[in-house]
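To start, the structure under review is shown below, and the notes come after it.
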Amino acid sequence: MNVQEVIDRILLDCCGGRKLEMTCDVLASGHADMEVTGIVTTFMATVDVIREAIAIGANLIITHEPTYFTGMDTLDWLQEDPVYLAKRKLIEDHGIVIWRFHDHMHLADTDRIYDGLLKELEWEDKKLDEKESWGYLIEETTVGALAIFLKMKLGMEVIQIVGNPDTPCSRIGILVGGGSLGLGREQMPMELMRDKNLDVMVCGDITEWTLCAYVNDAAMLGMNKAMIVIGHERSEEWGMKYMAEWLKPLVSGLSVTFADAKEPFVYL
């Protein structure tokens, strides 16, 4: 099976074969007609993930996020960059194909990044609205206890909270990755929290003057609002873990392995 055949099967399964005309879901390396020896799914094709793929004999990495440090993997500014040149050499020396699977994954029949996160949290049956992925009703707990639960489930060392950890909560919002920045409308996360009467927003990325400031002021005013920040990678990696499961029957005969890109931080 070649790379294009794998891609076509994925898009058929997720989107009925529908393909976006403008998309970042393109090859960052390699060619569509290359034969696939094995597949690795991951949040990001870091150097360590590439080395893991090489070690297990897989030559196709399916990454959710960019390989070369900008949203569209633009290369014009990198031609003399030593980090880019060393990473590209590693990829090319081992015949690695990297395909980005981002836009179509979020626009699938159900957002498969959220699907993976909910599977990891075991919250599949807790949606406030079956048609939406943003809101969940859980058994009442506190913000601090919810943070401890998320640390355990998502394998985190450190978690950030805005608001009082003792605040009771049950109506939880989740905005993965860059979704917590508003997707082009800075006010969107605040409107969602207000209109849906959410106690806590679990976020990927943050801007400290938007939702963070809104929740902080609400807490200072004695309102029942808090925010838990888990970061872009920890909020989205689980969709790629789950992908390794649903992809296997689509590419029967090929090995499919999930490689955790891991948080990029060292905590002191």
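Identifiers in this document derive from the order of the structure tokens: chains are assigned A, B, ..., residues are numbered from 1 separately in each chain, and ligands are numbered from 1 in order of occurrence.
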
message = So that I can see what lies close to segment 8-22 of chain A, please list as a PyMOL selection string the residues with an atom at most 8 Å from it, counting only C-alpha atoms and leaving out residues fewer than 6 positions away in the same chain.
response = chain A and resi 104-105+107-109+247+250

Can you write out the residues you just picked, keeping N, CA, C and O atoms, as a PDB file, in the first residue's frame?
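Produced file part13.pdb, reproduced below:
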```pdb
ATOM      1  N   HIS A 104      -8.821  18.107   8.303  1.00  0.00           N
ATOM      2  CA  HIS A 104      -9.834  17.073   8.067  1.00  0.00           C
ATOM      3  C   HIS A 104     -10.156  16.310   9.351  1.00  0.00           C
ATOM      4  O   HIS A 104     -11.280  15.827   9.518  1.00  0.00           O
ATOM      5  N   MET A 105      -9.201  16.221  10.260  1.00  0.00           N
ATOM      6  CA  MET A 105      -9.440  15.509  11.517  1.00  0.00           C
ATOM      7  C   MET A 105     -10.442  16.267  12.384  1.00  0.00           C
ATOM      8  O   MET A 105     -11.335  15.669  12.996  1.00  0.00           O
ATOM      9  N   LEU A 107     -12.611  18.395  11.184  1.00  0.00           N
ATOM     10  CA  LEU A 107     -13.854  18.568  10.426  1.00  0.00           C
ATOM     11  C   LEU A 107     -14.508  17.240  10.064  1.00  0.00           C
ATOM     12  O   LEU A 107     -15.437  17.197   9.259  1.00  0.00           O
ATOM     13  N   ALA A 108     -14.059  16.153  10.681  1.00  0.00           N
ATOM     14  CA  ALA A 108     -14.613  14.830  10.387  1.00  0.00           C
ATOM     15  C   ALA A 108     -16.047  14.735  10.900  1.00  0.00           C
ATOM     16  O   ALA A 108     -16.583  15.672  11.492  1.00  0.00           O
ATOM     17  N   ASP A 109     -16.680  13.572  10.667  1.00  0.00           N
ATOM     18  CA  ASP A 109     -18.060  13.367  11.097  1.00  0.00           C
ATOM     19  C   ASP A 109     -18.224  13.714  12.573  1.00  0.00           C
ATOM     20  O   ASP A 109     -19.201  14.334  12.984  1.00  0.00           O
ATOM     21  N   LEU A 247      -7.362   3.451  12.846  1.00  0.00           N
ATOM     22  CA  LEU A 247      -6.667   3.324  11.566  1.00  0.00           C
ATOM     23  C   LEU A 247      -6.292   1.879  11.240  1.00  0.00           C
ATOM     24  O   LEU A 247      -6.276   1.487  10.061  1.00  0.00           O
ATOM     25  N   LEU A 250      -8.256  -0.114   8.739  1.00  0.00           N
ATOM     26  CA  LEU A 250      -8.295   0.518   7.411  1.00  0.00           C
ATOM     27  C   LEU A 250      -7.066   0.176   6.580  1.00  0.00           C
ATOM     28  O   LEU A 250      -7.093   0.294   5.355  1.00  0.00           O
TER      29      LEU A 250
END
```

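Residues in contact with Leu117 of chain A at up to 7 Å, not including ones fewer than 6 positions away on its chain and judged by only C-alpha atoms, are A:Ser235, A:Glu236, A:Trp238, A:Gly239.
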
Export all heavy atoms of the chosen residues as a PDB file, in the first residue's frame?
```
ATOM      1  N   SER A 235      -3.815  18.484  25.397  1.00  0.00           N
ATOM      2  CA  SER A 235      -5.242  18.471  25.064  1.00  0.00           C
ATOM      3  C   SER A 235      -5.522  17.750  23.748  1.00  0.00           C
ATOM      4  O   SER A 235      -6.639  17.268  23.531  1.00  0.00           O
ATOM      5  CB  SER A 235      -5.804  19.900  25.018  1.00  0.00           C
ATOM      6  OG  SER A 235      -5.276  20.641  23.937  1.00  0.00           O
ATOM      7  N   GLU A 236      -4.512  17.627  22.864  1.00  0.00           N
ATOM      8  CA  GLU A 236      -4.772  17.062  21.540  1.00  0.00           C
ATOM      9  C   GLU A 236      -4.066  15.735  21.261  1.00  0.00           C
ATOM     10  O   GLU A 236      -4.449  15.024  20.321  1.00  0.00           O
ATOM     11  CB  GLU A 236      -4.388  18.076  20.457  1.00  0.00           C
ATOM     12  CG  GLU A 236      -5.278  19.303  20.461  1.00  0.00           C
ATOM     13  CD  GLU A 236      -5.243  20.066  19.152  1.00  0.00           C
ATOM     14  OE1 GLU A 236      -4.176  20.097  18.499  1.00  0.00           O
ATOM     15  OE2 GLU A 236      -6.270  20.642  18.782  1.00  0.00           O
ATOM     16  N   TRP A 238      -4.247  12.916  22.520  1.00  0.00           N
ATOM     17  CA  TRP A 238      -5.074  11.718  22.682  1.00  0.00           C
ATOM     18  C   TRP A 238      -5.883  11.400  21.434  1.00  0.00           C
ATOM     19  O   TRP A 238      -6.241  10.235  21.207  1.00  0.00           O
ATOM     20  CB  TRP A 238      -5.954  11.890  23.920  1.00  0.00           C
ATOM     21  CG  TRP A 238      -5.119  12.479  25.002  1.00  0.00           C
ATOM     22  CD1 TRP A 238      -5.138  13.770  25.467  1.00  0.00           C
ATOM     23  CD2 TRP A 238      -4.028  11.835  25.669  1.00  0.00           C
ATOM     24  NE1 TRP A 238      -4.140  13.962  26.389  1.00  0.00           N
ATOM     25  CE2 TRP A 238      -3.439  12.793  26.537  1.00  0.00           C
ATOM     26  CE3 TRP A 238      -3.501  10.541  25.627  1.00  0.00           C
ATOM     27  CZ2 TRP A 238      -2.353  12.497  27.355  1.00  0.00           C
ATOM     28  CZ3 TRP A 238      -2.418  10.253  26.442  1.00  0.00           C
ATOM     29  CH2 TRP A 238      -1.853  11.222  27.287  1.00  0.00           C
ATOM     30  N   GLY A 239      -6.146  12.401  20.615  1.00  0.00           N
ATOM     31  CA  GLY A 239      -6.789  12.126  19.339  1.00  0.00           C
ATOM     32  C   GLY A 239      -5.906  11.298  18.431  1.00  0.00           C
ATOM     33  O   GLY A 239      -6.384  10.430  17.688  1.00  0.00           O
TER      34      GLY A 239
END
```

query = If you run DSSP on this backbone, which residues of segment 189-218 of chain A come out as strand (DSSP E or B), and could you give them as a PyMOL selection string?
reply = chain A and resi 200-203

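Atom CA of Ser170 of chain A is found 6.7 Å from atom CA of Asp199 of chain A.
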
note = Shortest contact to Asp73 of chain A, candidates A:Ala55, A:Ile98, A:Leu198, A:Ala261, atoms counted only C-alpha atoms, goes to A:Ile98

ask   = Neighbours of segment 134-139 of chain A within 8 Å (only C-alpha atoms; same-chain residues fewer than 2 positions away dropped), as a VMD selection string?
value = chain A and resid 123 126 to 129 132 141 170 to 175 198
